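Shown below: protein_22.cif, with mmCIF, C-alpha atoms.
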```
data_model
loop_
_atom_site.label_atom_id
_atom_site.label_comp_id
_atom_site.auth_asym_id
_atom_site.auth_seq_id
_atom_site.Cartn_x
_atom_site.Cartn_y
_atom_site.Cartn_z
CA MET A 1 62.32 91.80 112.39
CA GLU A 2 58.92 90.91 110.95
CA THR A 3 58.42 87.49 109.43
CA VAL A 4 55.50 85.98 107.57
CA LEU A 5 55.37 82.26 106.85
CA VAL A 6 53.20 81.11 103.95
CA ARG A 7 52.37 77.50 103.15
CA ILE A 8 50.52 76.64 99.93
CA GLY A 9 49.32 73.06 99.96
CA THR A 10 48.86 70.77 97.00
CA ASP A 11 45.13 71.43 97.41
CA ALA A 12 45.87 75.16 96.90
CA ARG A 13 44.84 75.98 100.46
CA VAL A 14 46.96 78.76 101.89
CA THR A 15 48.06 79.19 105.51
CA ILE A 16 49.69 82.42 106.65
CA GLN A 17 51.49 82.88 109.97
CA ALA A 18 52.84 86.14 111.36
CA GLN A 19 55.93 86.15 113.56
CA GLY A 20 57.79 88.82 115.46
CA VAL A 21 54.83 91.09 116.09
CA THR A 22 52.95 91.07 119.38
CA GLY A 23 49.37 92.15 119.87
CA PRO A 24 46.64 92.67 117.30
CA GLY A 25 49.07 94.63 115.09
CA CYS A 26 50.12 91.33 113.60
CA HIS A 27 47.05 91.50 111.38
CA ASP A 28 48.47 94.60 109.70
CA LEU A 29 51.45 92.51 108.70
CA THR A 30 49.44 89.90 106.83
CA ARG A 31 46.29 91.75 105.75
CA GLY A 32 47.59 92.78 102.32
CA LEU A 33 48.72 89.29 101.48
CA GLU A 34 45.48 87.75 102.70
CA ARG A 35 43.42 90.10 100.53
CA ALA A 36 45.60 89.52 97.48
CA LEU A 37 45.16 85.76 97.80
CA GLY A 38 41.46 85.51 98.54
CA ARG A 39 39.10 85.10 101.44
CA THR A 40 40.18 84.45 105.02
CA VAL A 41 38.11 81.51 106.25
CA ALA A 42 39.81 80.92 109.62
CA ASP A 43 41.96 83.07 111.87
CA ARG A 44 43.43 81.74 115.10
CA PRO A 45 45.41 83.85 117.57
CA THR A 46 48.53 82.37 119.13
CA PRO A 47 49.91 83.11 122.61
CA GLU A 48 52.07 85.92 121.23
CA PHE A 49 48.91 87.64 120.04
CA PHE A 50 47.87 88.30 123.64
CA GLN A 51 51.17 89.87 124.71
CA GLU A 52 50.91 93.63 125.20
CA GLU A 53 52.80 95.85 122.85
CA SER A 54 55.37 97.93 124.81
CA VAL A 55 57.74 100.74 124.01
CA HIS A 56 60.89 101.14 126.08
CA VAL A 57 62.33 104.62 126.39
CA GLY A 58 65.79 104.63 127.96
CA ASN A 59 67.29 107.56 129.87
CA ALA A 60 70.06 107.93 127.33
CA ALA A 61 67.50 108.84 124.68
CA ARG A 62 66.40 111.94 126.59
CA GLY A 63 68.19 115.02 125.46
CA GLY A 64 68.13 118.57 126.66
CA MET B 1 53.69 83.44 116.12
CA SER B 2 50.88 85.81 116.74
CA HIS B 3 48.14 84.51 114.50
CA ILE B 4 47.48 81.92 111.84
CA ALA B 5 45.11 82.67 108.96
CA GLU B 6 43.72 80.17 106.47
CA ILE B 7 42.89 81.54 103.04
CA GLU B 8 40.52 80.23 100.40
CA LEU B 9 42.08 81.24 97.12
CA ASP B 10 40.39 83.57 94.62
CA VAL B 11 41.79 83.97 91.11
CA THR B 12 41.55 87.71 90.52
CA ASP B 13 44.59 88.81 88.52
CA LEU B 14 45.21 87.82 84.91
CA GLU B 15 48.93 88.63 84.89
CA THR B 16 49.43 86.35 87.87
CA LEU B 17 47.29 83.70 86.21
CA ALA B 18 49.45 83.88 83.08
CA GLU B 19 52.57 83.42 85.21
CA ALA B 20 51.05 80.42 86.99
CA ALA B 21 49.89 78.94 83.69
CA ALA B 22 53.39 79.13 82.25
CA ARG B 23 54.68 77.17 85.26
CA VAL B 24 52.41 74.23 84.40
CA GLY B 25 52.97 74.44 80.66
CA LEU B 26 49.97 76.49 79.51
CA GLU B 27 49.57 79.91 77.98
CA LEU B 28 46.88 82.50 78.66
CA ALA B 29 45.19 83.63 75.45
CA LEU B 30 43.71 87.01 76.30
CA GLY B 31 40.45 87.72 74.51
CA GLN B 32 39.92 84.14 73.26
CA ARG B 33 36.15 83.84 73.45
CA THR B 34 35.69 80.09 73.24
CA TYR B 35 37.47 77.13 74.76
CA ARG B 36 37.77 73.62 73.35
CA TRP B 37 35.65 71.00 75.13
CA PHE B 38 33.33 68.09 74.30
CA GLY B 39 30.78 70.57 73.04
CA GLN B 40 27.73 69.12 74.71
CA SER B 41 26.86 68.97 78.38
CA VAL B 42 25.98 65.53 79.72
CA GLY B 43 25.00 66.96 83.08
CA ASP B 44 27.60 65.08 85.09
CA TYR B 45 28.70 68.13 87.07
CA PRO B 46 26.67 70.97 88.63
CA LEU B 47 27.16 74.32 86.91
CA PRO B 48 28.68 77.25 88.82
CA HIS B 49 26.33 79.79 90.36
CA GLY B 50 24.71 81.96 87.68
CA PHE B 51 25.79 79.83 84.71
CA THR B 52 23.63 77.82 82.31
CA VAL B 53 24.43 75.13 79.78
CA ASP B 54 24.43 77.81 77.08
CA ASP B 55 27.42 79.46 78.76
CA LEU B 56 29.61 76.38 78.42
CA GLY B 57 32.29 76.72 75.76
CA ARG B 58 32.20 80.51 75.98
CA CYS B 59 34.73 82.57 77.92
CA GLU B 60 36.50 85.90 78.18
CA HIS B 61 40.01 84.41 78.02
CA ALA B 62 41.37 80.90 77.68
CA LEU B 63 44.22 78.79 78.94
CA ARG B 64 45.64 76.40 76.36
CA VAL B 65 48.57 74.11 75.64
CA PRO B 66 50.88 76.21 73.47
CA GLU B 67 52.59 73.58 71.34
CA PRO B 68 50.88 71.96 68.32
CA HIS B 69 49.49 68.41 68.59
CA PRO B 70 49.75 66.78 65.18
CA ARG B 71 48.56 63.35 66.34
CA GLY B 72 45.46 62.39 68.27
CA ALA B 73 42.87 64.56 69.90
CA PRO B 74 44.20 67.99 70.87
CA PRO B 75 44.00 68.84 74.56
CA TYR B 76 40.90 70.58 75.77
CA GLU B 77 41.22 74.18 76.95
CA ILE B 78 40.22 76.11 80.08
CA GLY B 79 37.75 78.95 79.87
CA VAL B 80 38.44 81.94 82.12
CA VAL B 81 35.15 83.60 83.02
CA ARG B 82 34.13 86.22 85.56
CA ARG B 83 32.35 84.83 88.59
CA ARG B 84 28.64 85.44 88.90
CA ASP B 85 28.33 84.99 92.66
CA GLU B 86 29.28 87.38 95.45
CA ARG B 87 32.99 86.65 95.25
CA PRO B 88 35.52 88.54 93.11
CA GLY B 89 37.60 87.29 90.24
CA TYR B 90 37.39 84.47 87.75
CA LEU B 91 36.29 80.87 87.46
CA LEU B 92 38.14 78.26 85.45
CA LEU B 93 35.76 76.17 83.33
CA TRP B 94 36.97 73.01 81.63
CA ASP B 95 35.94 69.57 80.58
CA SER B 96 37.86 66.93 82.53
CA TRP B 97 36.52 63.94 80.58
CA LEU B 98 39.47 61.58 79.90
CA GLY B 99 41.69 64.07 81.67
CA GLY B 100 40.84 66.75 79.13
CA TYR B 101 43.09 64.87 76.66
CA GLY B 102 46.28 65.80 78.49
CA LEU B 103 45.12 68.96 80.20
CA GLU B 104 44.64 67.40 83.63
CA ALA B 105 48.22 66.09 83.61
CA ARG B 106 49.34 69.72 83.62
CA VAL B 107 46.81 71.48 85.83
CA GLY B 108 45.92 68.68 88.25
CA LYS B 109 42.53 67.40 89.31
CA GLU B 110 40.14 70.34 89.66
CA CYS B 111 43.01 72.59 88.59
CA VAL B 112 44.70 72.34 91.99
CA ALA B 113 48.25 72.37 90.55
CA LEU B 114 47.46 75.50 88.55
CA ARG B 115 45.78 77.11 91.55
CA GLN B 116 48.76 76.28 93.76
CA GLN B 117 51.06 77.98 91.27
CA TYR B 118 48.71 80.97 91.13
CA ALA B 119 48.87 81.31 94.92
CA ALA B 120 52.67 81.10 94.82
CA ALA B 121 52.92 83.68 92.04
CA MET B 122 50.59 86.04 93.89
CA THR B 123 52.59 85.58 97.11
CA ARG B 124 55.80 86.52 95.29
CA ARG B 125 54.19 89.59 93.73
CA GLU B 126 52.54 90.89 96.87
CA ALA B 127 55.54 90.18 99.09
CA ALA B 128 57.87 92.01 96.70
CA ARG B 129 55.46 94.93 96.54
CA GLN B 130 55.51 95.16 100.33
CA GLY B 131 59.30 95.09 100.50
CA PHE B 132 59.77 91.61 101.93
CA ALA B 133 62.85 89.51 101.25
CA ILE B 134 61.50 86.25 99.82
CA HIS B 135 62.80 82.78 100.64
CA GLU B 136 61.00 79.93 98.86
CA GLN B 137 61.30 76.17 99.08
CA SER B 138 59.33 73.03 98.27
CA ALA B 139 58.24 70.65 101.02
CA GLU B 140 58.34 66.88 100.69
CA ASP B 141 54.55 66.72 100.56
CA GLY B 142 54.49 69.05 97.55
CA SER B 143 53.56 72.18 99.47
CA ILE B 144 55.29 75.45 98.56
CA LEU B 145 56.76 77.28 101.56
CA PHE B 146 57.65 80.96 101.77
CA GLN B 147 59.50 82.81 104.50
CA LEU B 148 58.99 86.54 104.02
CA VAL B 149 61.21 88.83 106.10
CA ARG B 150 61.61 92.59 106.44
#
```
This structure in structure tokens:
Amino acid sequence: METVLVRIGTDARVTIQAQGVTGPGCHDLTRGLERALGRTVADRPTPEFFQEESVHVGNAARGG
Amino acid sequence: MSHIAEIELDVTDLETLAEAAARVGLELALGQRTYRWFGQSVGDYPLPHGFTVDDLGRCEHALRVPEPHPRGAPPYEIGVVRRRDERPGYLLLWDSWLGGYGLEARVGKECVALRQQYAAAMTRREAARQGFAIHEQSAEDGSILFQLVR
């Protein structure tokens, strides 16, 4: 599940946080919203950002 | 969390601005070419980039209090004008002397209440367009919080 948290302060400053996406792909999740709202003036990665994206393929998924 | 972005708001969409204006008790008058103000610059505030004193009072659209005001000075209005710097969208020009005769009570100092509502309206629009389920609440400090899930 992908989650985006948005906080709009009483000074109209906006903070956007992505959750549930590892790696740099998290920017794809928030890019549209960031552009719709204005100009990104700061962007800080969190520990989850540096986790590698992985795809698990189980044996049961292999068919003949 | 994977990243945190801070956004400086740009007002770029008139439909969203109209929605935000309605939330603070104003209406957007499309095509209104002048806005009510003192009528004469006293030079107490710097003008936006690319604007001169002759531009004051002129606009492309205006935000105004919709109901009539039979007694006292009518509220000033907000001019909506295209920016003349490198950034997209519109500027909101208004005369805040004496609170713009009731205008500031609705839009906040430097229009922050109106701009907060614009950001919220744009968040709702863009999130819906992208297929997010939208959960909204107000924080004790007056912030507006959204949890967008898909």
Q: Go ahead and compute the interatomic distance for atom CA of Tyr101 of chain B and atom CA of Ala73 of chain B, in Å to one decimal.
A: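 A separation of 6.8 Å between them.
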Q: Can you turn the PyMOL selection byres ((chain B) within 9 of (chain A)) into a concrete residue list for this file, as a PyMOL selection string?
A: chain B and resi 1-12+87-88+112-120+122-123+126-127+130+132+141-150
Q: Could you please determine the separation between atom CA of Glu15 of chain B and atom CA of Val65 of chain B in Å, to one decimal place?
A: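 Computing the Euclidean distance for atom CA of Glu15 of chain B and atom CA of Val65 of chain B yields 17.2 Å.
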**Q.** Evaluate the PyMOL selection byres ((chain B and resi 37) around 6) and report residues as an MDAnalysis selection string
**A.** chainID B and resid 36 38:39 76 95
Q: Counting all atoms listed in the file, figure out which residue out of B:His135, B:His69, B:Arg106, B:Arg125 gets nearest to Ala21 of chain B.
A: B:Arg106
Do you know which residues the PyMOL selection byres ((chain B and resi 33) around 9) returns on this file, as a PDB file with C-alpha atoms, keeping the file's coordinate frame?
```pdb
ATOM      1  CA  LEU B  30      43.710  87.010  76.300  1.00  0.00           C
ATOM      2  CA  GLY B  31      40.450  87.720  74.510  1.00  0.00           C
ATOM      3  CA  GLN B  32      39.920  84.140  73.260  1.00  0.00           C
ATOM      4  CA  THR B  34      35.690  80.090  73.240  1.00  0.00           C
ATOM      5  CA  TYR B  35      37.470  77.130  74.760  1.00  0.00           C
ATOM      6  CA  GLY B  57      32.290  76.720  75.760  1.00  0.00           C
ATOM      7  CA  ARG B  58      32.200  80.510  75.980  1.00  0.00           C
ATOM      8  CA  CYS B  59      34.730  82.570  77.920  1.00  0.00           C
ATOM      9  CA  GLU B  60      36.500  85.900  78.180  1.00  0.00           C
ATOM     10  CA  HIS B  61      40.010  84.410  78.020  1.00  0.00           C
ATOM     11  CA  ALA B  62      41.370  80.900  77.680  1.00  0.00           C
ATOM     12  CA  GLY B  79      37.750  78.950  79.870  1.00  0.00           C
TER      13      GLY B  79
END
```
Q. How far is it from atom CA of Leu93 of chain B to atom CA of Val80 of chain B, in Å with one decimal?
A.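 Going from atom CA of Leu93 of chain B over to atom CA of Val80 of chain B, I get 6.5 Å.
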